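Q: Below is the file structure.txt, which contains compact mmCIF, C-alpha atoms.
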# COMPACT_ATOMS: atom_id res chain seq x y z
CA MET A 516 -4.95 -4.35 -19.22
CA LYS A 517 -3.04 -2.61 -16.43
CA GLN A 518 -0.93 -4.86 -14.25
CA ILE A 519 -0.41 -3.55 -10.72
CA PHE A 520 2.78 -4.57 -8.90
CA TYR A 521 2.12 -2.55 -5.74
CA LYS A 522 -1.21 -1.89 -4.06
CA GLY A 523 -1.54 -0.05 -0.80
CA ALA A 524 -3.66 2.27 1.28
CA GLY A 525 -3.38 4.67 4.15
CA VAL A 526 -5.09 7.13 6.45
CA ALA A 527 -4.46 10.86 6.76
CA LEU A 528 -5.88 12.61 9.83
CA PHE A 529 -6.58 16.35 9.77
CA LYS A 530 -7.49 18.43 12.82
CA LYS A 531 -9.03 21.90 12.65
CA ALA A 532 -7.97 24.51 15.17
CA SER A 533 -8.41 28.27 15.31
CA GLY A 534 -5.37 28.81 13.09
CA GLY A 535 -6.48 26.34 10.41
CA TYR A 536 -5.87 22.65 9.80
CA SER A 537 -3.02 20.42 10.95
CA ILE A 538 -2.13 16.97 9.64
CA LEU A 539 -0.92 14.07 11.77
CA LEU A 540 2.38 12.86 10.34
CA GLY A 541 4.98 10.41 11.51
CA LYS A 542 8.72 10.63 10.97
CA ARG A 543 9.79 7.45 9.21
CA ALA A 544 12.45 5.49 11.10
CA ASN A 545 13.37 3.21 8.19
CA ASP A 546 12.97 2.79 4.44
CA PRO A 547 11.04 3.55 2.42
CA GLY A 548 11.32 7.23 3.19
CA ASN A 549 13.64 7.12 6.20
CA GLY A 550 13.60 10.55 7.87
CA LYS A 551 10.59 11.82 5.89
CA TRP A 552 7.23 12.70 7.40
CA SER A 553 4.35 10.58 6.18
CA ILE A 554 0.89 9.23 6.95
CA PHE A 555 -0.13 5.82 8.29
CA GLY A 556 -0.26 3.19 5.56
CA GLY A 557 1.30 0.34 3.68
CA ASP A 558 0.89 -2.51 1.24
CA SER A 559 -2.23 -4.60 0.75
CA LYS A 560 -2.28 -8.23 1.83
CA SER A 561 -3.71 -10.90 -0.47
CA TYR A 562 -6.64 -11.56 1.89
CA GLU A 563 -7.80 -7.91 1.88
CA LYS A 564 -10.65 -7.28 -0.53
CA THR A 565 -10.68 -3.46 -0.36
CA PRO A 566 -8.25 -0.59 0.14
CA PHE A 567 -10.23 0.37 3.27
CA GLU A 568 -9.40 -3.00 4.85
CA THR A 569 -5.72 -2.29 4.19
CA ALA A 570 -5.96 1.25 5.58
CA LYS A 571 -7.69 0.06 8.79
CA ARG A 572 -5.10 -2.69 9.37
CA GLU A 573 -2.13 -0.41 8.71
CA PHE A 574 -3.57 2.32 10.96
CA LYS A 575 -3.95 -0.17 13.81
CA GLU A 576 -0.49 -1.70 13.25
CA GLU A 577 1.20 1.70 13.19
CA SER A 578 -0.78 3.65 15.82
CA PHE A 579 -2.25 0.88 18.03
CA MET A 580 -5.65 2.60 17.59
CA ASP A 581 -8.80 1.30 15.95
CA LEU A 582 -9.80 3.54 13.03
CA GLU A 583 -13.48 2.75 13.47
CA ALA A 584 -13.30 3.84 17.14
CA ILE A 585 -11.88 7.30 16.53
CA ASN A 586 -14.17 10.31 16.58
CA GLY A 587 -13.57 11.29 12.98
CA LYS A 588 -15.43 12.06 9.78
CA LEU A 589 -14.39 10.56 6.46
CA VAL A 590 -14.09 13.52 4.07
CA GLY A 591 -13.05 11.55 0.98
CA THR A 592 -10.13 9.80 -0.65
CA CYS A 593 -6.98 10.69 -2.52
CA ASP A 594 -6.06 8.13 -5.18
CA PHE A 595 -2.76 7.47 -6.90
CA ASN A 596 -3.13 5.32 -10.03
CA PHE A 597 0.01 4.61 -11.98
CA VAL A 598 0.84 1.71 -14.30
CA PHE A 599 2.56 -0.35 -11.59
CA PHE A 600 1.35 1.41 -8.45
CA LYS A 601 -2.10 1.91 -6.92
CA TRP A 602 -2.71 3.68 -3.60
CA THR A 603 -5.75 5.09 -1.82
CA THR A 604 -5.55 7.46 1.14
CA PHE A 605 -8.65 7.87 3.29
CA LEU A 606 -8.89 11.49 4.43
CA TYR A 607 -10.41 12.02 7.89
CA GLU A 608 -11.19 15.13 9.88
CA VAL A 609 -10.83 14.52 13.61
CA ASP A 610 -12.00 16.48 16.62
CA GLU A 611 -9.53 19.08 17.96
CA SER A 612 -9.22 16.98 21.15
CA PHE A 613 -7.81 14.04 19.14
CA PRO A 614 -4.44 13.15 20.72
CA VAL A 615 -1.13 12.42 19.08
CA PRO A 616 -0.67 8.65 19.46
CA SER A 617 1.44 7.86 22.52
CA ARG A 618 2.34 4.44 21.12
CA PHE A 619 3.39 3.70 17.57
CA SER A 620 5.23 1.04 15.62
CA ASP A 621 8.98 0.94 15.14
CA GLU A 622 8.43 2.21 11.58
CA PHE A 623 8.25 5.71 13.06
CA SER A 624 10.38 7.66 15.52
CA GLU A 625 7.66 10.20 16.40
CA PHE A 626 4.26 11.57 15.47
CA ARG A 627 2.97 15.13 15.59
CA PHE A 628 0.20 17.32 14.27
CA ILE A 629 1.85 19.76 11.87
CA PRO A 630 -0.01 22.95 10.88
CA LEU A 631 -0.56 22.88 7.12
CA ASP A 632 1.10 26.27 6.70
CA GLU A 633 4.28 24.81 8.26
CA THR A 634 4.55 21.61 6.20
CA GLN A 635 7.02 23.29 3.82
CA ASN A 636 9.52 23.15 6.72
CA TYR A 637 9.42 19.33 6.74
CA GLN A 638 10.72 16.67 4.37
CA LEU A 639 7.44 15.09 3.33
CA GLY A 640 6.97 11.55 2.10
CA PHE A 641 5.52 10.65 -1.26
CA GLY A 642 2.00 11.93 -1.82
CA VAL A 643 1.57 14.04 1.33
CA LYS A 644 1.29 17.36 -0.55
CA ARG A 645 -1.33 15.89 -2.87
CA GLU A 646 -3.25 14.41 0.08
CA ILE A 647 -3.29 17.82 1.79
CA GLY A 648 -4.51 19.49 -1.40
CA MET A 649 -7.28 16.94 -1.88
CA PHE A 650 -8.39 17.25 1.74
CA LEU A 651 -8.62 21.05 1.48
CA LYS A 652 -10.61 20.76 -1.74
CA LEU A 653 -13.07 18.27 -0.22
CA ALA A 654 -13.37 19.88 3.24
CA LYS A 655 -14.88 23.10 1.85
I'd like the structure from this file rewritten - as structure tokens, please.
A:
Amino acid sequence: MKQIFYKGAGVALFKKASGGYSILLGKRANDPGNGKWSIFGGDSKSYEKTPFETAKREFKEESFMDLEAINGKLVGTCDFNFVFFKWTTFLYEVDESFPVPSRFSDEFSEFRFIPLDETQNYQLGFGVKREIGMFLKLAK
């Protein structure tokens, strides 16, 4: 039986524009991943029954926005299942008018939509490349 020491979940937001998709990433202001660009997310609390509950809470804590109130479409998930680590990212496509959050937690120093063809110019946090790949596969 697998024993999980870390369980978490997050949300990745993708926006389509004329030049292709962009992903909303935040620059981490502390560890883990200080200085790297990553999605909203974090560890599960004992009272949360599903990864989606964790993702909604983390999204609200980090962006001050309610995930269920955004004008977005859930495209699918990207799962990471390792012996001691389990993570689910919920992949959303948002309307091109979706704004960069003007408020965010102290875990980040800034947020921006980064065109997918420019992500190689950024230090990305764990899993972001895989999340992008999964989104592109599912969004077809």
Q: Between CA of Lys564 in chain A and CA of Leu653 in chain A, what is the distance, to one decimal in Å?
A: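 About the pair CA of Lys564 in chain A and CA of Leu653 in chain A: they are 25.7 Å apart.
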Q: Hey, what's within 6 Å of Ser559 in chain A if we count all atoms listed in the file and toss same-chain stuff fewer than 2 positions away? As a list of chain:residue names, please?
A: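 In the requested form, the answer reads A:Lys522, A:Gly523, A:Thr569.
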Q: Near range 618-631 of chain A, counting all atoms listed in the file, which residues have an atom at most 7 Å away, once you skip same-chain residues fewer than 6 positions from it, shown as a list of chain:residue names?
A: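 The residues that qualify are A:Tyr536, A:Ser537, A:Ile538, A:Leu539, A:Leu540, A:Gly541, A:Lys542, A:Arg543, A:Ala544, A:Asn545, A:Glu576, A:Glu577, A:Ser578, A:Phe579.
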Q: Can you measure CA of Phe650 in chain A to CA of Lys530 in chain A for me? One decimal in Å is fine.
A: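 Value for the CA of Phe650 in chain A-CA of Lys530 in chain A distance: 11.2 Å.
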Q: Have a look at CA of Arg572 in chain A and CA of Lys531 in chain A and let me know their distance in Å, one decimal.
A: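 One can read the CA of Arg572 in chain A to CA of Lys531 in chain A distance as 25.1 Å.
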Q: So, with all atoms listed in the file as the atoms that count, which of A:Glu611, A:Gln638, A:Lys644, A:Trp602 lies closest to Thr565 in chain A?
A: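 Using all atoms listed in the file, Thr565 in chain A sits closest to A:Trp602.
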Q: Show which residues sit within 12 Å of Ala654 in chain A, as an MDAnalysis selection string. Count all atoms listed in the file, and ignore same-chain residues fewer than 2 positions away.
A: chainID A and resid 529:531 535:536 588:592 606:609 646:652
Q: Can I get the selected residues back with C-alpha atoms, as a compact mmCIF listing (two decimals), in the frame of the given file?
A:
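The result, stored in result39.txt:
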# COMPACT_ATOMS: atom_id res chain seq x y z
CA PHE A 529 -6.58 16.35 9.77
CA LYS A 530 -7.49 18.43 12.82
CA LYS A 531 -9.03 21.90 12.65
CA GLY A 535 -6.48 26.34 10.41
CA TYR A 536 -5.87 22.65 9.80
CA LYS A 588 -15.43 12.06 9.78
CA LEU A 589 -14.39 10.56 6.46
CA VAL A 590 -14.09 13.52 4.07
CA GLY A 591 -13.05 11.55 0.98
CA THR A 592 -10.13 9.80 -0.65
CA LEU A 606 -8.89 11.49 4.43
CA TYR A 607 -10.41 12.02 7.89
CA GLU A 608 -11.19 15.13 9.88
CA VAL A 609 -10.83 14.52 13.61
CA GLU A 646 -3.25 14.41 0.08
CA ILE A 647 -3.29 17.82 1.79
CA GLY A 648 -4.51 19.49 -1.40
CA MET A 649 -7.28 16.94 -1.88
CA PHE A 650 -8.39 17.25 1.74
CA LEU A 651 -8.62 21.05 1.48
CA LYS A 652 -10.61 20.76 -1.74
Q: With distances taken over only C-alpha atoms, which residue among A:Lys551, A:Lys575, A:Lys560, A:Lys655 lies nearest Val643 in chain A?
A: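 Smallest distance to Val643 in chain A is found for A:Lys551.
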Q: How would range 588-604 of chain A look written as a PDB file, in the first residue's frame with all heavy atoms?
A:
ATOM      1  N   LYS A 588     -13.719  27.522 -17.948  1.00  0.00           N
ATOM      2  CA  LYS A 588     -14.180  26.173 -18.276  1.00  0.00           C
ATOM      3  C   LYS A 588     -13.109  25.186 -17.832  1.00  0.00           C
ATOM      4  O   LYS A 588     -11.942  25.293 -18.233  1.00  0.00           O
ATOM      5  CB  LYS A 588     -14.406  26.068 -19.781  1.00  0.00           C
ATOM      6  CG  LYS A 588     -14.776  24.679 -20.270  1.00  0.00           C
ATOM      7  CD  LYS A 588     -14.964  24.658 -21.778  1.00  0.00           C
ATOM      8  CE  LYS A 588     -13.635  24.414 -22.446  1.00  0.00           C
ATOM      9  NZ  LYS A 588     -13.682  24.186 -23.873  1.00  0.00           N
ATOM     10  N   LEU A 589     -13.507  24.224 -17.006  1.00  0.00           N
ATOM     11  CA  LEU A 589     -12.585  23.174 -16.601  1.00  0.00           C
ATOM     12  C   LEU A 589     -12.315  22.271 -17.808  1.00  0.00           C
ATOM     13  O   LEU A 589     -13.233  21.689 -18.375  1.00  0.00           O
ATOM     14  CB  LEU A 589     -13.172  22.351 -15.447  1.00  0.00           C
ATOM     15  CG  LEU A 589     -12.309  21.194 -14.959  1.00  0.00           C
ATOM     16  CD1 LEU A 589     -10.978  21.685 -14.406  1.00  0.00           C
ATOM     17  CD2 LEU A 589     -13.073  20.386 -13.919  1.00  0.00           C
ATOM     18  N   VAL A 590     -11.044  22.176 -18.195  1.00  0.00           N
ATOM     19  CA  VAL A 590     -10.647  21.379 -19.349  1.00  0.00           C
ATOM     20  C   VAL A 590     -10.250  19.973 -18.924  1.00  0.00           C
ATOM     21  O   VAL A 590     -10.452  19.017 -19.657  1.00  0.00           O
ATOM     22  CB  VAL A 590      -9.495  22.077 -20.115  1.00  0.00           C
ATOM     23  CG1 VAL A 590      -8.952  21.210 -21.228  1.00  0.00           C
ATOM     24  CG2 VAL A 590      -9.962  23.419 -20.651  1.00  0.00           C
ATOM     25  N   GLY A 591      -9.704  19.840 -17.730  1.00  0.00           N
ATOM     26  CA  GLY A 591      -9.270  18.544 -17.223  1.00  0.00           C
ATOM     27  C   GLY A 591      -8.316  18.721 -16.067  1.00  0.00           C
ATOM     28  O   GLY A 591      -8.218  19.793 -15.484  1.00  0.00           O
ATOM     29  N   THR A 592      -7.591  17.647 -15.758  1.00  0.00           N
ATOM     30  CA  THR A 592      -6.630  17.688 -14.661  1.00  0.00           C
ATOM     31  C   THR A 592      -5.275  17.171 -15.120  1.00  0.00           C
ATOM     32  O   THR A 592      -5.165  16.470 -16.127  1.00  0.00           O
ATOM     33  CB  THR A 592      -7.096  16.833 -13.467  1.00  0.00           C
ATOM     34  OG1 THR A 592      -7.198  15.474 -13.883  1.00  0.00           O
ATOM     35  CG2 THR A 592      -8.411  17.327 -12.898  1.00  0.00           C
ATOM     36  N   CYS A 593      -4.278  17.531 -14.357  1.00  0.00           N
ATOM     37  CA  CYS A 593      -2.926  17.007 -14.542  1.00  0.00           C
ATOM     38  C   CYS A 593      -2.522  16.432 -13.183  1.00  0.00           C
ATOM     39  O   CYS A 593      -2.492  17.161 -12.186  1.00  0.00           O
ATOM     40  CB  CYS A 593      -1.977  18.130 -14.968  1.00  0.00           C
ATOM     41  SG  CYS A 593      -0.292  17.576 -15.283  1.00  0.00           S
ATOM     42  N   ASP A 594      -2.263  15.134 -13.142  1.00  0.00           N
ATOM     43  CA  ASP A 594      -1.972  14.459 -11.877  1.00  0.00           C
ATOM     44  C   ASP A 594      -0.509  14.057 -11.781  1.00  0.00           C
ATOM     45  O   ASP A 594       0.093  13.617 -12.760  1.00  0.00           O
ATOM     46  CB  ASP A 594      -2.852  13.213 -11.736  1.00  0.00           C
ATOM     47  CG  ASP A 594      -4.322  13.565 -11.682  1.00  0.00           C
ATOM     48  OD1 ASP A 594      -4.698  14.388 -10.838  1.00  0.00           O
ATOM     49  OD2 ASP A 594      -5.090  13.024 -12.503  1.00  0.00           O
ATOM     50  N   PHE A 595       0.006  14.206 -10.569  1.00  0.00           N
ATOM     51  CA  PHE A 595       1.359  13.764 -10.234  1.00  0.00           C
ATOM     52  C   PHE A 595       1.205  12.744  -9.109  1.00  0.00           C
ATOM     53  O   PHE A 595       0.705  13.087  -8.032  1.00  0.00           O
ATOM     54  CB  PHE A 595       2.221  14.938  -9.752  1.00  0.00           C
ATOM     55  CG  PHE A 595       2.407  16.007 -10.786  1.00  0.00           C
ATOM     56  CD1 PHE A 595       1.457  17.012 -10.943  1.00  0.00           C
ATOM     57  CD2 PHE A 595       3.512  16.014 -11.610  1.00  0.00           C
ATOM     58  CE1 PHE A 595       1.620  18.010 -11.893  1.00  0.00           C
ATOM     59  CE2 PHE A 595       3.685  17.004 -12.569  1.00  0.00           C
ATOM     60  CZ  PHE A 595       2.736  18.006 -12.709  1.00  0.00           C
ATOM     61  N   ASN A 596       1.558  11.502  -9.375  1.00  0.00           N
ATOM     62  CA  ASN A 596       1.432  10.437  -8.383  1.00  0.00           C
ATOM     63  C   ASN A 596       2.779   9.757  -8.197  1.00  0.00           C
ATOM     64  O   ASN A 596       3.198   8.973  -9.040  1.00  0.00           O
ATOM     65  CB  ASN A 596       0.387   9.404  -8.835  1.00  0.00           C
ATOM     66  CG  ASN A 596      -1.010   9.970  -8.811  1.00  0.00           C
ATOM     67  OD1 ASN A 596      -1.485  10.402  -7.773  1.00  0.00           O
ATOM     68  ND2 ASN A 596      -1.660   9.992  -9.955  1.00  0.00           N
ATOM     69  N   PHE A 597       3.423  10.089  -7.099  1.00  0.00           N
ATOM     70  CA  PHE A 597       4.690   9.471  -6.748  1.00  0.00           C
ATOM     71  C   PHE A 597       4.504   8.745  -5.420  1.00  0.00           C
ATOM     72  O   PHE A 597       3.478   8.902  -4.757  1.00  0.00           O
ATOM     73  CB  PHE A 597       5.802  10.523  -6.655  1.00  0.00           C
ATOM     74  CG  PHE A 597       5.984  11.303  -7.928  1.00  0.00           C
ATOM     75  CD1 PHE A 597       5.560  12.612  -8.024  1.00  0.00           C
ATOM     76  CD2 PHE A 597       6.570  10.714  -9.045  1.00  0.00           C
ATOM     77  CE1 PHE A 597       5.710  13.336  -9.201  1.00  0.00           C
ATOM     78  CE2 PHE A 597       6.734  11.423 -10.227  1.00  0.00           C
ATOM     79  CZ  PHE A 597       6.302  12.741 -10.300  1.00  0.00           C
ATOM     80  N   VAL A 598       5.479   7.978  -5.000  1.00  0.00           N
ATOM     81  CA  VAL A 598       5.342   7.184  -3.784  1.00  0.00           C
ATOM     82  C   VAL A 598       4.974   8.051  -2.577  1.00  0.00           C
ATOM     83  O   VAL A 598       4.081   7.707  -1.821  1.00  0.00           O
ATOM     84  CB  VAL A 598       6.629   6.379  -3.508  1.00  0.00           C
ATOM     85  CG1 VAL A 598       6.543   5.636  -2.195  1.00  0.00           C
ATOM     86  CG2 VAL A 598       6.894   5.408  -4.644  1.00  0.00           C
ATOM     87  N   PHE A 599       5.625   9.189  -2.408  1.00  0.00           N
ATOM     88  CA  PHE A 599       5.383  10.009  -1.228  1.00  0.00           C
ATOM     89  C   PHE A 599       4.786  11.373  -1.565  1.00  0.00           C
ATOM     90  O   PHE A 599       4.832  12.298  -0.757  1.00  0.00           O
ATOM     91  CB  PHE A 599       6.683  10.207  -0.444  1.00  0.00           C
ATOM     92  CG  PHE A 599       7.258   8.916   0.034  1.00  0.00           C
ATOM     93  CD1 PHE A 599       8.431   8.417  -0.491  1.00  0.00           C
ATOM     94  CD2 PHE A 599       6.608   8.177   1.007  1.00  0.00           C
ATOM     95  CE1 PHE A 599       8.960   7.212  -0.056  1.00  0.00           C
ATOM     96  CE2 PHE A 599       7.122   6.973   1.456  1.00  0.00           C
ATOM     97  CZ  PHE A 599       8.303   6.488   0.923  1.00  0.00           C
ATOM     98  N   PHE A 600       4.243  11.519  -2.761  1.00  0.00           N
ATOM     99  CA  PHE A 600       3.771  12.822  -3.218  1.00  0.00           C
ATOM    100  C   PHE A 600       2.598  12.630  -4.165  1.00  0.00           C
ATOM    101  O   PHE A 600       2.692  11.867  -5.120  1.00  0.00           O
ATOM    102  CB  PHE A 600       4.918  13.535  -3.937  1.00  0.00           C
ATOM    103  CG  PHE A 600       4.589  14.892  -4.480  1.00  0.00           C
ATOM    104  CD1 PHE A 600       4.720  16.023  -3.695  1.00  0.00           C
ATOM    105  CD2 PHE A 600       4.170  15.050  -5.799  1.00  0.00           C
ATOM    106  CE1 PHE A 600       4.435  17.281  -4.207  1.00  0.00           C
ATOM    107  CE2 PHE A 600       3.888  16.295  -6.318  1.00  0.00           C
ATOM    108  CZ  PHE A 600       4.021  17.417  -5.513  1.00  0.00           C
ATOM    109  N   LYS A 601       1.497  13.326  -3.883  1.00  0.00           N
ATOM    110  CA  LYS A 601       0.322  13.260  -4.755  1.00  0.00           C
ATOM    111  C   LYS A 601      -0.198  14.682  -4.945  1.00  0.00           C
ATOM    112  O   LYS A 601      -0.401  15.408  -3.988  1.00  0.00           O
ATOM    113  CB  LYS A 601      -0.755  12.382  -4.135  1.00  0.00           C
ATOM    114  CG  LYS A 601      -1.973  12.206  -5.011  1.00  0.00           C
ATOM    115  CD  LYS A 601      -2.939  11.216  -4.383  1.00  0.00           C
ATOM    116  CE  LYS A 601      -4.196  11.092  -5.174  1.00  0.00           C
ATOM    117  NZ  LYS A 601      -4.095  10.312  -6.374  1.00  0.00           N
ATOM    118  N   TRP A 602      -0.396  15.053  -6.220  1.00  0.00           N
ATOM    119  CA  TRP A 602      -0.807  16.423  -6.556  1.00  0.00           C
ATOM    120  C   TRP A 602      -1.760  16.366  -7.744  1.00  0.00           C
ATOM    121  O   TRP A 602      -1.539  15.598  -8.675  1.00  0.00           O
ATOM    122  CB  TRP A 602       0.418  17.244  -6.921  1.00  0.00           C
ATOM    123  CG  TRP A 602       0.119  18.650  -7.311  1.00  0.00           C
ATOM    124  CD1 TRP A 602      -0.283  19.107  -8.541  1.00  0.00           C
ATOM    125  CD2 TRP A 602       0.188  19.796  -6.482  1.00  0.00           C
ATOM    126  NE1 TRP A 602      -0.464  20.464  -8.514  1.00  0.00           N
ATOM    127  CE2 TRP A 602      -0.183  20.918  -7.259  1.00  0.00           C
ATOM    128  CE3 TRP A 602       0.523  19.996  -5.144  1.00  0.00           C
ATOM    129  CZ2 TRP A 602      -0.224  22.206  -6.749  1.00  0.00           C
ATOM    130  CZ3 TRP A 602       0.492  21.284  -4.641  1.00  0.00           C
ATOM    131  CH2 TRP A 602       0.119  22.365  -5.444  1.00  0.00           C
ATOM    132  N   THR A 603      -2.797  17.203  -7.702  1.00  0.00           N
ATOM    133  CA  THR A 603      -3.710  17.343  -8.825  1.00  0.00           C
ATOM    134  C   THR A 603      -3.817  18.815  -9.181  1.00  0.00           C
ATOM    135  O   THR A 603      -4.087  19.648  -8.306  1.00  0.00           O
ATOM    136  CB  THR A 603      -5.120  16.812  -8.488  1.00  0.00           C
ATOM    137  OG1 THR A 603      -5.014  15.423  -8.181  1.00  0.00           O
ATOM    138  CG2 THR A 603      -6.081  16.996  -9.658  1.00  0.00           C
ATOM    139  N   THR A 604      -3.604  19.137 -10.454  1.00  0.00           N
ATOM    140  CA  THR A 604      -3.806  20.495 -10.950  1.00  0.00           C
ATOM    141  C   THR A 604      -5.062  20.501 -11.802  1.00  0.00           C
ATOM    142  O   THR A 604      -5.208  19.683 -12.710  1.00  0.00           O
ATOM    143  CB  THR A 604      -2.619  20.970 -11.800  1.00  0.00           C
ATOM    144  OG1 THR A 604      -1.432  20.905 -11.014  1.00  0.00           O
ATOM    145  CG2 THR A 604      -2.824  22.403 -12.281  1.00  0.00           C
TER     146      THR A 604
END
